[in-house]
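In what follows, a structure is listed as structure tokens, so that the remarks can point back to it.
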Amino acid sequence: MFVLSNFLVAVAQVLDYALWAYSWILLGRVIVSWFNADYQNPIVRFLYTATEPVLAPVRQRLPLLAGGLDLSPFVVWFAVLFLQRFLVRSLYELALALR
């Protein structure tokens, strides 16, 4: 049981770090979108490449607000927060219960 418990803790930590990093990448994407950043810049390209596969389906389902305000980054950010608070904590608690 200790092996499964340690495995779940490791999965929870890696998932938590990945979601934390993705939330910062998402924030970078939002900041870059406020300015007319050059898409030829490798950092800008990385931000768009890393976030567009997640943002595009959300954007298709959400209407644009007045003035063309895109709410998809905020919806994805809230989903990331939910996964961190619910899924990661549930994995930690499951690992604790298995000990």
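Residue names in the structure tokens use chain letters A, B, ... in the order shown, residue numbers from 1 in each chain, and ligand numbers from 1 in the order shown.
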With only C-alpha atoms counted and 12 Å as the cut-off, give the residues of segment 4-51 of chain A in contact with segment 82-86 of chain A, each with its shortest interatomic distance in Å and the pair that gives it, as JSON lines.
{"residue": "A:Ala12", "atom": "CA", "partner": "A:Gln84", "partner_atom": "CA", "distance": 9.1}
{"residue": "A:Gln13", "atom": "CA", "partner": "A:Gln84", "partner_atom": "CA", "distance": 10.1}
{"residue": "A:Val14", "atom": "CA", "partner": "A:Gln84", "partner_atom": "CA", "distance": 11.1}
{"residue": "A:Leu15", "atom": "CA", "partner": "A:Gln84", "partner_atom": "CA", "distance": 8.1}
{"residue": "A:Asp16", "atom": "CA", "partner": "A:Gln84", "partner_atom": "CA", "distance": 6.1}
{"residue": "A:Tyr17", "atom": "CA", "partner": "A:Gln84", "partner_atom": "CA", "distance": 9.3}
{"residue": "A:Ala18", "atom": "CA", "partner": "A:Gln84", "partner_atom": "CA", "distance": 9.8}
{"residue": "A:Leu19", "atom": "CA", "partner": "A:Gln84", "partner_atom": "CA", "distance": 6.9}
{"residue": "A:Trp20", "atom": "CA", "partner": "A:Gln84", "partner_atom": "CA", "distance": 8.1}
{"residue": "A:Ala21", "atom": "CA", "partner": "A:Gln84", "partner_atom": "CA", "distance": 11.5}
{"residue": "A:Tyr22", "atom": "CA", "partner": "A:Gln84", "partner_atom": "CA", "distance": 11.3}
{"residue": "A:Ser23", "atom": "CA", "partner": "A:Gln84", "partner_atom": "CA", "distance": 10.4}
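Nearest residue to Ile25 of chain A, choosing from A:Tyr48, A:Tyr92, A:Phe78, A:Phe2 and counting only C-alpha atoms: A:Tyr48.
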(request) May I have the residues within 12 Å of Leu47 of chain A as a ChimeraX atom specification, using only C-alpha atoms and disregarding those fewer than 6 positions away in the same chain? (result) /A:21-33,37-41,53-55
Go ahead and write the residues just picked, C-alpha atoms, as a CSV table (one decimal), in the first residue's frame.
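Result file follows (selection.csv):
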chain,number,residue,atom,x,y,z
A,21,ALA,CA,3.1,26.3,-14.8
A,22,TYR,CA,0.2,26.2,-17.2
A,23,SER,CA,-1.5,29.0,-15.3
A,24,TRP,CA,1.6,31.2,-15.6
A,25,ILE,CA,1.8,30.3,-19.3
A,26,LEU,CA,-1.9,31.3,-19.6
A,27,LEU,CA,-1.2,34.6,-17.8
A,28,GLY,CA,1.7,35.2,-20.3
A,29,ARG,CA,-0.7,34.6,-23.2
A,30,VAL,CA,-3.2,37.1,-21.8
A,31,ILE,CA,-0.5,39.8,-21.3
A,32,VAL,CA,0.9,39.2,-24.8
A,33,SER,CA,-2.6,39.5,-26.3
A,37,ALA,CA,3.3,41.3,-30.0
A,38,ASP,CA,5.3,40.0,-32.9
A,39,TYR,CA,4.2,36.4,-33.6
A,40,GLN,CA,7.7,35.7,-35.0
A,41,ASN,CA,9.1,36.0,-31.5
A,53,PRO,CA,-5.4,23.9,-28.2
A,54,VAL,CA,-7.1,24.5,-24.9
A,55,LEU,CA,-8.5,28.0,-25.6
(message) If you run DSSP on the backbone here, which positions in chain A get alpha helix (DSSP H)? Please write them as number ranges by chain.
(response) A: 2-34, 42-61, 72-82, 89-98
(request) Calculate how many Å separate atom CA of Leu91 of chain A from atom CA of Arg59 of chain A, rounding to one decimal. (result) 29.8 Å
(request) Excluding segment 62-65 of chain A and residues on its chain fewer than 6 positions from it, collect all residues at most 12 Å away from it, counting only C-alpha atoms, and give them as an MDAnalysis selection string. (result) chainID A and resid 55:56 71:76
Save the residues we just selected, N, CA, C and O atoms, as a short mmCIF file (atom, residue, chain, number, x, y, z; two decimals), in the first residue's frame?
data_model
loop_
_atom_site.label_atom_id
_atom_site.label_comp_id
_atom_site.auth_asym_id
_atom_site.auth_seq_id
_atom_site.Cartn_x
_atom_site.Cartn_y
_atom_site.Cartn_z
N LEU A 55 -7.63 26.82 -25.49
CA LEU A 55 -8.48 28.00 -25.59
C LEU A 55 -9.47 27.94 -26.77
O LEU A 55 -10.58 28.45 -26.67
N ALA A 56 -9.06 27.34 -27.87
CA ALA A 56 -9.91 27.33 -29.08
C ALA A 56 -11.27 26.68 -28.85
O ALA A 56 -12.30 27.26 -29.21
N LEU A 71 -13.38 35.87 -23.19
CA LEU A 71 -13.36 35.36 -21.82
C LEU A 71 -12.77 33.96 -21.70
O LEU A 71 -12.67 33.43 -20.59
N SER A 72 -12.36 33.36 -22.80
CA SER A 72 -11.87 31.98 -22.75
C SER A 72 -10.64 31.81 -21.85
O SER A 72 -10.56 30.80 -21.14
N PRO A 73 -9.68 32.73 -21.80
CA PRO A 73 -8.56 32.53 -20.86
C PRO A 73 -9.01 32.49 -19.39
O PRO A 73 -8.46 31.74 -18.59
N PHE A 74 -10.02 33.29 -19.06
CA PHE A 74 -10.50 33.29 -17.68
C PHE A 74 -11.23 31.99 -17.35
O PHE A 74 -11.09 31.47 -16.24
N VAL A 75 -11.98 31.46 -18.29
CA VAL A 75 -12.67 30.19 -18.08
C VAL A 75 -11.65 29.06 -17.89
O VAL A 75 -11.77 28.23 -16.98
N VAL A 76 -10.63 29.05 -18.73
CA VAL A 76 -9.59 28.02 -18.61
C VAL A 76 -8.82 28.20 -17.31
O VAL A 76 -8.48 27.22 -16.64
#
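Here atom CA of Arg99 of chain A stands at a distance of 15.8 Å from atom CA of Val11 of chain A.
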